[in-house]
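Written below as structure tokens is the structure these notes are about.
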Amino acid sequence: MTATEDSTPLDQQLDYYRARAVEYDQWWLRQGRYDRGASLNSQWFADAAVVSSALAEFRPAGRVLELACGTGIWSEKLFPFASHLTVLDGSPEMLAINSARLNSPLVQYIEADLFQWQPIEPFDTVFFGFWLSHVPPERFASFWQMVRSCLAPGGRVFFVDSRHEPTSTAVDHLLPAKEGTVLRRCLNDGREFQIYKVFYEPTELAGRLHELGWHFDLRQTNHYFLYGSGNRTE
Ligand SMILES: C[S@@+](CC[C@H](N)C(=O)[O-])C[C@H]1O[C@@H](n2cnc3c(N)ncnc32)[C@H](O)[C@@H]1O
């Protein structure tokens, strides 16, 4: 998988994550190009613990759906809470790592393009980690419409994403201006891809979601993460 000149950022975004699957967890574990030194790494892990606690307090319940599940960093946190866990990703490489990690016949795996997929069953909880920022701005409303169509009556959503913080990414990744939406990302071997990355402020995002019929309580950790939970207002 290499980026070709005529592939769109949306194609390249999935190609990037497919190729990155084997090295993906280095970002979360602050290893290799993502190692920012002891002090910033411990800030990262402290912020991650805040989000994990908030997710436990939220208590995902019932039929849980995780969108863009990746290698399973969050799937394994969701699994103990769920009566049924369904995880979806467009990358078979990510799904294979996720499946090896959770190692449970009780998890249902779906390989699908999130911009084409529609649910065929309702879910009580929908979760997505570090995915909203990769939804192109022009697809924001249709993405939330799809999330809405996933929810059973009384269903709830929890998500976590990145704050605009330069040390959150690899040392050789430049963070664009806050209002930029397409940026360059590279792999350990130097291959380059274009991806979407949209940063949100909690108040502004909660306001936009309110306009779409959602009530969200959104928070930020000290440095790195935006997170929160919500449900439909009607
Ligand atoms: C930033 S990663 C987040 C992974 C995981 N949620 C986490 O927090 O570690 C984005 C994920 O979206 C997946 N992805 C990218 N484009 C996709 C698409 N069009 N449809 C479904 N999944 C996609 C990637 O394969 C990757 O696993």
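Within each chain, counting starts at residue 1; across the structure tokens, chains are named A, B, ... in the order shown, with ligands numbered 1 upward in that order.
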Need to verify the contact set: segment 101-115 of chain A, 9 Å, only C-alpha atoms, exclusion of same-chain residues closer than 3 positions in sequence. Can you return it as number ranges by chain? A: 14, 67-68, 71-73, 75-76, 79, 84-92, 95-98, 118, 135, 139, 142-143, 146
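For Phe58 of chain A, the set of protein, DNA and RNA residues having any atom at most 12 Å away, when counting only C-alpha atoms and skipping those fewer than 2 positions along the same chain, is Val51, Ser52, Ser53, Ala54, Leu55, Ala56, Pro60, Ala61, Leu78, Phe81, Thr125, Val126, Phe127, Arg156, Val157, Phe158, Phe159, Asp217, Tyr227, Gly228, Ser229 and Gly230 of chain A.
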Got time to write the residues from that selection, N, CA and C atoms, as a short mmCIF file (atom, residue, chain, number, x, y, z; two decimals), in the first residue's frame?
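part24.cif written:
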```cif
data_model
loop_
_atom_site.label_atom_id
_atom_site.label_comp_id
_atom_site.auth_asym_id
_atom_site.auth_seq_id
_atom_site.Cartn_x
_atom_site.Cartn_y
_atom_site.Cartn_z
N VAL A 51 -9.33 9.52 30.92
CA VAL A 51 -10.36 9.11 29.96
C VAL A 51 -10.85 7.69 30.27
N SER A 52 -9.92 6.81 30.61
CA SER A 52 -10.32 5.43 30.96
C SER A 52 -11.27 5.43 32.15
N SER A 53 -10.96 6.26 33.16
CA SER A 53 -11.85 6.34 34.33
C SER A 53 -13.20 6.89 33.94
N ALA A 54 -13.19 7.90 33.07
CA ALA A 54 -14.48 8.49 32.65
C ALA A 54 -15.31 7.45 31.88
N LEU A 55 -14.64 6.63 31.09
CA LEU A 55 -15.37 5.60 30.35
C LEU A 55 -15.95 4.57 31.32
N ALA A 56 -15.19 4.20 32.34
CA ALA A 56 -15.70 3.24 33.33
C ALA A 56 -16.89 3.83 34.08
N PRO A 60 -20.40 1.73 29.85
CA PRO A 60 -20.97 1.22 28.60
C PRO A 60 -21.83 0.01 28.95
N ALA A 61 -22.95 -0.16 28.26
CA ALA A 61 -23.85 -1.24 28.66
C ALA A 61 -24.56 -1.85 27.47
N LEU A 78 -13.92 -1.88 26.65
CA LEU A 78 -15.37 -1.98 26.48
C LEU A 78 -15.87 -3.39 26.79
N PHE A 81 -17.76 -4.60 29.93
CA PHE A 81 -19.04 -3.95 30.22
C PHE A 81 -20.18 -4.45 29.33
N THR A 125 -24.96 1.19 23.21
CA THR A 125 -23.81 2.08 23.39
C THR A 125 -23.00 2.09 22.10
N VAL A 126 -22.65 3.30 21.65
CA VAL A 126 -21.72 3.43 20.52
C VAL A 126 -20.50 4.18 21.02
N PHE A 127 -19.33 3.64 20.70
CA PHE A 127 -18.07 4.24 21.14
C PHE A 127 -17.19 4.44 19.91
N ARG A 156 -26.72 5.47 24.10
CA ARG A 156 -25.75 6.51 24.48
C ARG A 156 -24.46 6.36 23.67
N VAL A 157 -23.72 7.48 23.61
CA VAL A 157 -22.47 7.54 22.84
C VAL A 157 -21.35 8.03 23.74
N PHE A 158 -20.17 7.48 23.58
CA PHE A 158 -18.97 8.00 24.25
C PHE A 158 -17.89 8.07 23.19
N PHE A 159 -17.15 9.18 23.17
CA PHE A 159 -15.99 9.21 22.27
C PHE A 159 -14.83 9.95 22.91
N ASP A 217 -21.95 16.03 26.96
CA ASP A 217 -21.11 16.61 28.01
C ASP A 217 -19.67 16.33 27.57
N TYR A 227 -12.94 14.38 25.32
CA TYR A 227 -13.77 13.18 25.48
C TYR A 227 -15.13 13.58 26.03
N GLY A 228 -16.06 12.66 25.92
CA GLY A 228 -17.36 12.94 26.50
C GLY A 228 -18.41 11.95 26.06
N SER A 229 -19.59 12.14 26.66
CA SER A 229 -20.69 11.22 26.37
C SER A 229 -21.93 12.02 26.05
N GLY A 230 -22.83 11.36 25.33
CA GLY A 230 -24.05 12.06 24.96
C GLY A 230 -25.14 11.12 24.52
#
```
Set the distance at 8 Å and use only C-alpha atoms: which residues neighbour Pro136 of chain A once local chain neighbours fewer than 4 positions away are removed? I'd like the list as a ChimeraX atom specification. /A:140,181,196-198
Hey, which of A:Gln194, A:Thr8, A:Gln26, A:Gln145 ends up closest to Trp214 of chain A? Count only C-alpha atoms.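 For Trp214 of chain A, the nearest of the given residues is A:Gln145.
Between atom CA of His223 of chain A and atom CA of Thr167 of chain A lies a distance of 9.3 Å.
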What residues in segment 31-130 of chain A get the DSSP label helix (DSSP H, G or I)? Please answer as a compact mmCIF listing (two decimals) with all heavy atoms, in the first residue's frame.
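part15.txt, freshly written:
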```txt
# COMPACT_ATOMS: atom_id res chain seq x y z
N GLY A 32 9.18 4.71 20.20
CA GLY A 32 9.78 5.07 18.91
C GLY A 32 9.60 6.54 18.61
O GLY A 32 9.93 7.40 19.43
N ARG A 33 9.03 6.87 17.47
CA ARG A 33 8.89 8.27 17.04
C ARG A 33 7.90 9.05 17.91
O ARG A 33 7.79 10.26 17.80
CB ARG A 33 8.42 8.32 15.57
CG ARG A 33 9.44 7.75 14.58
CD ARG A 33 8.95 7.92 13.15
NE ARG A 33 7.74 7.19 12.89
CZ ARG A 33 6.65 7.68 12.28
NH1 ARG A 33 6.64 8.93 11.86
NH2 ARG A 33 5.58 6.95 12.08
N TYR A 34 7.15 8.33 18.74
CA TYR A 34 6.14 8.98 19.59
C TYR A 34 6.63 9.20 21.02
O TYR A 34 5.90 9.72 21.85
CB TYR A 34 4.86 8.13 19.61
CG TYR A 34 4.28 7.94 18.22
CD1 TYR A 34 4.66 6.84 17.44
CD2 TYR A 34 3.40 8.86 17.68
CE1 TYR A 34 4.16 6.68 16.16
CE2 TYR A 34 2.90 8.70 16.40
CZ TYR A 34 3.28 7.60 15.65
OH TYR A 34 2.78 7.45 14.38
N ALA A 38 10.36 11.40 29.35
CA ALA A 38 9.65 10.89 30.53
C ALA A 38 8.52 11.81 31.00
O ALA A 38 7.42 11.35 31.31
CB ALA A 38 10.65 10.66 31.66
N SER A 39 8.80 13.11 31.02
CA SER A 39 7.81 14.03 31.60
C SER A 39 6.52 14.08 30.75
O SER A 39 5.41 13.92 31.26
CB SER A 39 8.46 15.41 31.72
OG SER A 39 7.51 16.33 32.08
N LEU A 40 6.70 14.31 29.43
CA LEU A 40 5.51 14.38 28.56
C LEU A 40 4.83 13.01 28.43
O LEU A 40 3.60 12.94 28.36
CB LEU A 40 5.88 14.91 27.18
CG LEU A 40 6.21 16.41 27.13
CD1 LEU A 40 6.78 16.80 25.78
CD2 LEU A 40 4.96 17.23 27.43
N ASN A 41 5.64 11.95 28.43
CA ASN A 41 5.02 10.62 28.36
C ASN A 41 4.15 10.38 29.59
O ASN A 41 3.04 9.85 29.48
CB ASN A 41 6.09 9.52 28.27
CG ASN A 41 6.83 9.53 26.94
OD1 ASN A 41 6.44 10.22 26.00
ND2 ASN A 41 7.92 8.78 26.87
N SER A 42 4.65 10.79 30.76
CA SER A 42 3.82 10.52 31.95
C SER A 42 2.58 11.41 31.96
O SER A 42 1.52 10.99 32.43
CB SER A 42 4.61 10.62 33.25
OG SER A 42 5.07 11.90 33.42
N GLN A 43 2.68 12.61 31.36
CA GLN A 43 1.48 13.44 31.20
C GLN A 43 0.45 12.73 30.30
O GLN A 43 -0.75 12.71 30.58
CB GLN A 43 1.86 14.79 30.60
CG GLN A 43 0.69 15.74 30.42
CD GLN A 43 0.05 16.14 31.74
OE1 GLN A 43 0.70 16.73 32.60
NE2 GLN A 43 -1.22 15.79 31.93
N TRP A 44 0.98 12.15 29.22
CA TRP A 44 0.12 11.41 28.28
C TRP A 44 -0.62 10.28 29.00
O TRP A 44 -1.84 10.14 28.89
CB TRP A 44 0.98 10.86 27.15
CG TRP A 44 0.29 9.96 26.18
CD1 TRP A 44 0.09 8.60 26.32
CD2 TRP A 44 -0.31 10.32 24.93
NE1 TRP A 44 -0.57 8.10 25.23
CE2 TRP A 44 -0.83 9.14 24.35
CE3 TRP A 44 -0.43 11.52 24.23
CZ2 TRP A 44 -1.48 9.12 23.13
CZ3 TRP A 44 -1.07 11.50 22.99
CH2 TRP A 44 -1.59 10.32 22.46
N PHE A 45 0.15 9.48 29.77
CA PHE A 45 -0.46 8.32 30.44
C PHE A 45 -1.45 8.78 31.53
O PHE A 45 -2.47 8.12 31.75
CB PHE A 45 0.61 7.38 31.00
CG PHE A 45 1.44 6.73 29.91
CD1 PHE A 45 2.82 6.85 29.90
CD2 PHE A 45 0.82 6.01 28.89
CE1 PHE A 45 3.57 6.26 28.88
CE2 PHE A 45 1.57 5.42 27.88
CZ PHE A 45 2.95 5.55 27.87
N ALA A 46 -1.13 9.89 32.19
CA ALA A 46 -2.07 10.41 33.20
C ALA A 46 -3.36 10.86 32.53
O ALA A 46 -4.47 10.58 33.01
CB ALA A 46 -1.43 11.58 33.95
N ASP A 47 -3.24 11.54 31.38
CA ASP A 47 -4.44 11.98 30.66
C ASP A 47 -5.24 10.77 30.15
O ASP A 47 -6.48 10.77 30.19
CB ASP A 47 -4.05 12.87 29.47
CG ASP A 47 -3.72 14.30 29.88
OD1 ASP A 47 -3.49 14.54 31.08
OD2 ASP A 47 -3.68 15.18 29.00
N ALA A 48 -4.52 9.74 29.69
CA ALA A 48 -5.21 8.53 29.20
C ALA A 48 -5.98 7.87 30.35
O ALA A 48 -7.10 7.37 30.15
CB ALA A 48 -4.20 7.57 28.60
N ALA A 49 -5.39 7.90 31.54
CA ALA A 49 -6.06 7.28 32.70
C ALA A 49 -7.34 8.05 33.04
O ALA A 49 -8.33 7.44 33.47
CB ALA A 49 -5.10 7.25 33.89
N VAL A 50 -7.31 9.37 32.85
CA VAL A 50 -8.52 10.17 33.12
C VAL A 50 -9.65 9.72 32.19
O VAL A 50 -10.80 9.54 32.61
CB VAL A 50 -8.22 11.68 32.91
CG1 VAL A 50 -9.51 12.50 32.90
CG2 VAL A 50 -7.27 12.19 33.99
N VAL A 51 -9.33 9.52 30.92
CA VAL A 51 -10.36 9.11 29.96
C VAL A 51 -10.85 7.69 30.27
O VAL A 51 -12.05 7.41 30.22
CB VAL A 51 -9.85 9.21 28.50
CG1 VAL A 51 -10.95 8.80 27.53
CG2 VAL A 51 -9.36 10.61 28.19
N SER A 52 -9.92 6.81 30.61
CA SER A 52 -10.32 5.43 30.96
C SER A 52 -11.27 5.43 32.15
O SER A 52 -12.27 4.69 32.17
CB SER A 52 -9.09 4.58 31.30
OG SER A 52 -8.31 4.41 30.16
N SER A 53 -10.96 6.26 33.16
CA SER A 53 -11.85 6.34 34.33
C SER A 53 -13.20 6.89 33.94
O SER A 53 -14.24 6.40 34.42
CB SER A 53 -11.26 7.25 35.40
OG SER A 53 -10.06 6.75 35.84
N ALA A 54 -13.19 7.90 33.07
CA ALA A 54 -14.48 8.49 32.65
C ALA A 54 -15.31 7.45 31.88
O ALA A 54 -16.53 7.39 32.04
CB ALA A 54 -14.23 9.72 31.77
N LEU A 55 -14.64 6.63 31.09
CA LEU A 55 -15.37 5.60 30.35
C LEU A 55 -15.95 4.57 31.32
O LEU A 55 -17.12 4.16 31.16
CB LEU A 55 -14.44 4.92 29.34
CG LEU A 55 -15.07 3.79 28.51
CD1 LEU A 55 -16.23 4.31 27.65
CD2 LEU A 55 -14.02 3.11 27.62
N ALA A 56 -15.19 4.20 32.34
CA ALA A 56 -15.70 3.24 33.33
C ALA A 56 -16.89 3.83 34.08
O ALA A 56 -17.87 3.14 34.35
CB ALA A 56 -14.58 2.84 34.28
N GLU A 57 -16.78 5.13 34.39
CA GLU A 57 -17.88 5.81 35.10
C GLU A 57 -19.13 5.91 34.22
O GLU A 57 -20.26 5.79 34.71
CB GLU A 57 -17.41 7.22 35.46
CG GLU A 57 -18.03 7.78 36.71
CD GLU A 57 -17.30 9.05 37.11
OE1 GLU A 57 -16.11 8.98 37.47
OE2 GLU A 57 -17.94 10.11 37.01
N PHE A 58 -18.92 6.10 32.95
CA PHE A 58 -20.03 6.16 31.98
C PHE A 58 -20.76 4.82 31.92
O PHE A 58 -21.95 4.74 31.64
CB PHE A 58 -19.43 6.53 30.61
CG PHE A 58 -20.30 6.32 29.42
CD1 PHE A 58 -21.29 7.23 29.07
CD2 PHE A 58 -20.12 5.20 28.60
CE1 PHE A 58 -22.07 7.04 27.94
CE2 PHE A 58 -20.90 5.00 27.47
CZ PHE A 58 -21.89 5.92 27.14
N SER A 75 -11.29 -1.45 22.66
CA SER A 75 -12.16 -2.64 22.63
C SER A 75 -11.99 -3.44 23.92
O SER A 75 -12.97 -3.93 24.48
CB SER A 75 -11.82 -3.54 21.44
OG SER A 75 -11.58 -2.82 20.27
N GLU A 76 -10.75 -3.56 24.37
CA GLU A 76 -10.55 -4.39 25.57
C GLU A 76 -11.08 -3.71 26.82
O GLU A 76 -11.40 -4.38 27.80
CB GLU A 76 -9.10 -4.85 25.71
CG GLU A 76 -8.10 -3.78 25.98
CD GLU A 76 -6.67 -4.34 26.06
OE1 GLU A 76 -6.48 -5.56 25.92
OE2 GLU A 76 -5.75 -3.53 26.27
N LYS A 77 -11.23 -2.40 26.78
CA LYS A 77 -11.85 -1.70 27.93
C LYS A 77 -13.38 -1.84 27.87
O LYS A 77 -14.06 -1.87 28.89
CB LYS A 77 -11.47 -0.22 27.92
CG LYS A 77 -9.98 0.05 28.09
CD LYS A 77 -9.72 1.55 28.13
CE LYS A 77 -8.28 1.93 27.82
NZ LYS A 77 -7.30 1.36 28.74
N LEU A 78 -13.92 -1.88 26.65
CA LEU A 78 -15.37 -1.98 26.48
C LEU A 78 -15.87 -3.39 26.79
O LEU A 78 -16.98 -3.57 27.30
CB LEU A 78 -15.75 -1.62 25.03
CG LEU A 78 -15.48 -0.18 24.61
CD1 LEU A 78 -15.57 -0.05 23.08
CD2 LEU A 78 -16.47 0.77 25.28
N PHE A 79 -15.06 -4.36 26.44
CA PHE A 79 -15.49 -5.76 26.47
C PHE A 79 -16.10 -6.18 27.82
O PHE A 79 -17.18 -6.79 27.84
CB PHE A 79 -14.30 -6.66 26.09
CG PHE A 79 -14.65 -8.10 25.99
CD1 PHE A 79 -15.58 -8.55 25.06
CD2 PHE A 79 -14.03 -9.04 26.81
CE1 PHE A 79 -15.90 -9.90 24.96
CE2 PHE A 79 -14.35 -10.38 26.72
CZ PHE A 79 -15.29 -10.81 25.80
N PRO A 80 -15.49 -5.86 28.97
CA PRO A 80 -16.06 -6.32 30.24
C PRO A 80 -17.43 -5.74 30.55
O PRO A 80 -18.19 -6.31 31.33
CB PRO A 80 -15.04 -5.85 31.29
CG PRO A 80 -13.82 -5.49 30.54
CD PRO A 80 -14.24 -5.11 29.16
N PHE A 81 -17.76 -4.60 29.93
CA PHE A 81 -19.04 -3.95 30.22
C PHE A 81 -20.18 -4.45 29.33
O PHE A 81 -21.35 -4.24 29.65
CB PHE A 81 -18.92 -2.43 29.99
CG PHE A 81 -18.09 -1.72 31.01
CD1 PHE A 81 -16.79 -1.34 30.73
CD2 PHE A 81 -18.62 -1.41 32.27
CE1 PHE A 81 -16.02 -0.67 31.67
CE2 PHE A 81 -17.86 -0.73 33.21
CZ PHE A 81 -16.56 -0.37 32.91
N PRO A 92 -8.49 -4.67 7.44
CA PRO A 92 -8.39 -6.07 7.90
C PRO A 92 -7.17 -6.29 8.79
O PRO A 92 -7.20 -7.13 9.69
CB PRO A 92 -8.29 -6.87 6.59
CG PRO A 92 -7.96 -5.91 5.51
CD PRO A 92 -8.42 -4.55 5.96
N GLU A 93 -6.13 -5.49 8.56
CA GLU A 93 -4.91 -5.62 9.38
C GLU A 93 -5.20 -5.21 10.82
O GLU A 93 -4.74 -5.85 11.78
CB GLU A 93 -3.78 -4.75 8.80
CG GLU A 93 -3.33 -5.13 7.39
CD GLU A 93 -4.23 -4.60 6.27
OE1 GLU A 93 -5.22 -3.89 6.57
OE2 GLU A 93 -3.95 -4.90 5.09
N MET A 94 -5.94 -4.12 10.98
CA MET A 94 -6.32 -3.67 12.33
C MET A 94 -7.21 -4.72 13.00
O MET A 94 -7.03 -5.06 14.18
CB MET A 94 -7.08 -2.34 12.26
CG MET A 94 -6.23 -1.15 11.91
SD MET A 94 -5.23 -0.61 13.31
CE MET A 94 -4.56 0.92 12.68
N LEU A 95 -8.17 -5.24 12.24
CA LEU A 95 -9.11 -6.22 12.81
C LEU A 95 -8.37 -7.49 13.24
O LEU A 95 -8.71 -8.09 14.28
CB LEU A 95 -10.21 -6.54 11.80
CG LEU A 95 -11.20 -5.41 11.54
CD1 LEU A 95 -12.09 -5.73 10.35
CD2 LEU A 95 -12.05 -5.11 12.78
N ALA A 96 -7.36 -7.90 12.49
CA ALA A 96 -6.62 -9.12 12.85
C ALA A 96 -5.89 -8.91 14.18
O ALA A 96 -5.87 -9.80 15.05
CB ALA A 96 -5.63 -9.46 11.74
N ILE A 97 -5.30 -7.73 14.36
CA ILE A 97 -4.58 -7.45 15.61
C ILE A 97 -5.59 -7.37 16.77
O ILE A 97 -5.36 -7.90 17.86
CB ILE A 97 -3.76 -6.15 15.48
CG1 ILE A 97 -2.66 -6.34 14.44
CG2 ILE A 97 -3.17 -5.74 16.83
CD1 ILE A 97 -1.93 -5.07 14.05
N ASN A 98 -6.71 -6.72 16.50
CA ASN A 98 -7.76 -6.59 17.51
C ASN A 98 -8.25 -7.98 17.94
O ASN A 98 -8.37 -8.28 19.14
CB ASN A 98 -8.92 -5.77 16.92
CG ASN A 98 -9.96 -5.38 17.94
OD1 ASN A 98 -10.49 -6.23 18.62
ND2 ASN A 98 -10.26 -4.10 18.03
N SER A 99 -8.49 -8.83 16.97
CA SER A 99 -9.01 -10.17 17.26
C SER A 99 -8.00 -10.99 18.07
O SER A 99 -8.37 -11.71 19.01
CB SER A 99 -9.33 -10.84 15.92
OG SER A 99 -9.58 -12.18 16.09
N ALA A 100 -6.72 -10.86 17.73
CA ALA A 100 -5.68 -11.59 18.50
C ALA A 100 -5.61 -11.04 19.92
O ALA A 100 -5.39 -11.79 20.88
CB ALA A 100 -4.33 -11.44 17.80
N ARG A 101 -5.81 -9.76 20.07
CA ARG A 101 -5.72 -9.13 21.38
C ARG A 101 -6.90 -9.53 22.28
O ARG A 101 -6.72 -9.91 23.42
CB ARG A 101 -5.71 -7.62 21.18
CG ARG A 101 -5.58 -6.80 22.43
CD ARG A 101 -5.70 -5.34 22.02
NE ARG A 101 -5.02 -4.45 22.90
CZ ARG A 101 -4.25 -3.44 22.51
NH1 ARG A 101 -4.04 -3.18 21.24
NH2 ARG A 101 -3.67 -2.66 23.39
N LEU A 102 -8.12 -9.47 21.74
CA LEU A 102 -9.27 -9.78 22.59
C LEU A 102 -9.49 -11.28 22.71
O LEU A 102 -10.00 -11.76 23.73
CB LEU A 102 -10.54 -9.10 22.04
CG LEU A 102 -10.75 -7.73 22.68
CD1 LEU A 102 -9.78 -6.69 22.16
CD2 LEU A 102 -12.16 -7.26 22.53
```
Could you name the residues that touch Val182 of chain A at 12 Å or less, counting only C-alpha atoms, but leaving out those on the same chain fewer than 2 positions away, as a ChimeraX atom specification? /A:8-10,12-13,133-137,174-180,184-185,193-199
Near Ser162 of chain A, within 8 Å and counting only C-alpha atoms, which residues show up once chain neighbours fewer than 6 positions away are dropped, as a list of chain:residue names? A:Phe130, A:Ser133, A:Ser168, A:Phe199, A:Tyr224, A:Phe225, A:Leu226
Grab the residues selected above and save them as a PDB file, in the first residue's frame with C-alpha atoms.
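Listed below is the output, part-v4.pdb:
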```
ATOM      1  CA  PHE A 130      -9.731   8.997  17.709  1.00  0.00           C
ATOM      2  CA  SER A 133     -11.145  13.954  13.969  1.00  0.00           C
ATOM      3  CA  SER A 168       0.687  14.174  20.784  1.00  0.00           C
ATOM      4  CA  PHE A 199      -9.560  19.490  15.887  1.00  0.00           C
ATOM      5  CA  TYR A 224      -3.955  15.637  25.189  1.00  0.00           C
ATOM      6  CA  PHE A 225      -7.538  14.467  24.938  1.00  0.00           C
ATOM      7  CA  LEU A 226     -11.100  15.602  24.291  1.00  0.00           C
TER       8      LEU A 226
END
```
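Compared by their closest atoms to ligand 1, and using only C-alpha atoms and all ligand atoms, the residues A:Ser7, A:Trp131, A:Ile120, A:Leu65 rank with A:Trp131 nearest.
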Using only C-alpha atoms and all ligand atoms: which of A:Trp144, A:Trp27, A:Phe128, A:Phe123 has the shortest distance to ligand 1: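 Checking each candidate against ligand 1, we get A:Phe128 as the closest.
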For a quick check of understanding, using only C-alpha atoms, which of A:Ala82, A:Leu132, A:Leu29, A:Leu218 has the smallest distance to Asp161 of chain A? A:Leu132
Write down as a count of residues only the residues of segment 6-226 of chain A whose backbone DSSP state falls under strand (DSSP E or B). 54
For Gly155 of chain A, work out the shell of residues within 6 Å, counting only C-alpha atoms and skipping chain neighbours fewer than 3 positions away, then give it as a ChimeraX atom specification. /A:124-125,151-152
Closest of A:Gly129, A:Gly154, A:Pro202, A:Pro119 to Thr221 of chain A, counting only C-alpha atoms, is A:Pro202
Take atom CA of Arg232 of chain A and atom CA of Gly213 of chain A and report the distance between them in Å, one decimal.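 Straight-line distance from atom CA of Arg232 of chain A to atom CA of Gly213 of chain A works out to 5.9 Å.
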Selected residue of minimal separation from ligand 1 among A:Ala170, A:Ala21, A:Val64, A:Cys150, counting only C-alpha atoms and all ligand atoms: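 With only C-alpha atoms and all ligand atoms as the atom set, the closest residue is A:Ala21.
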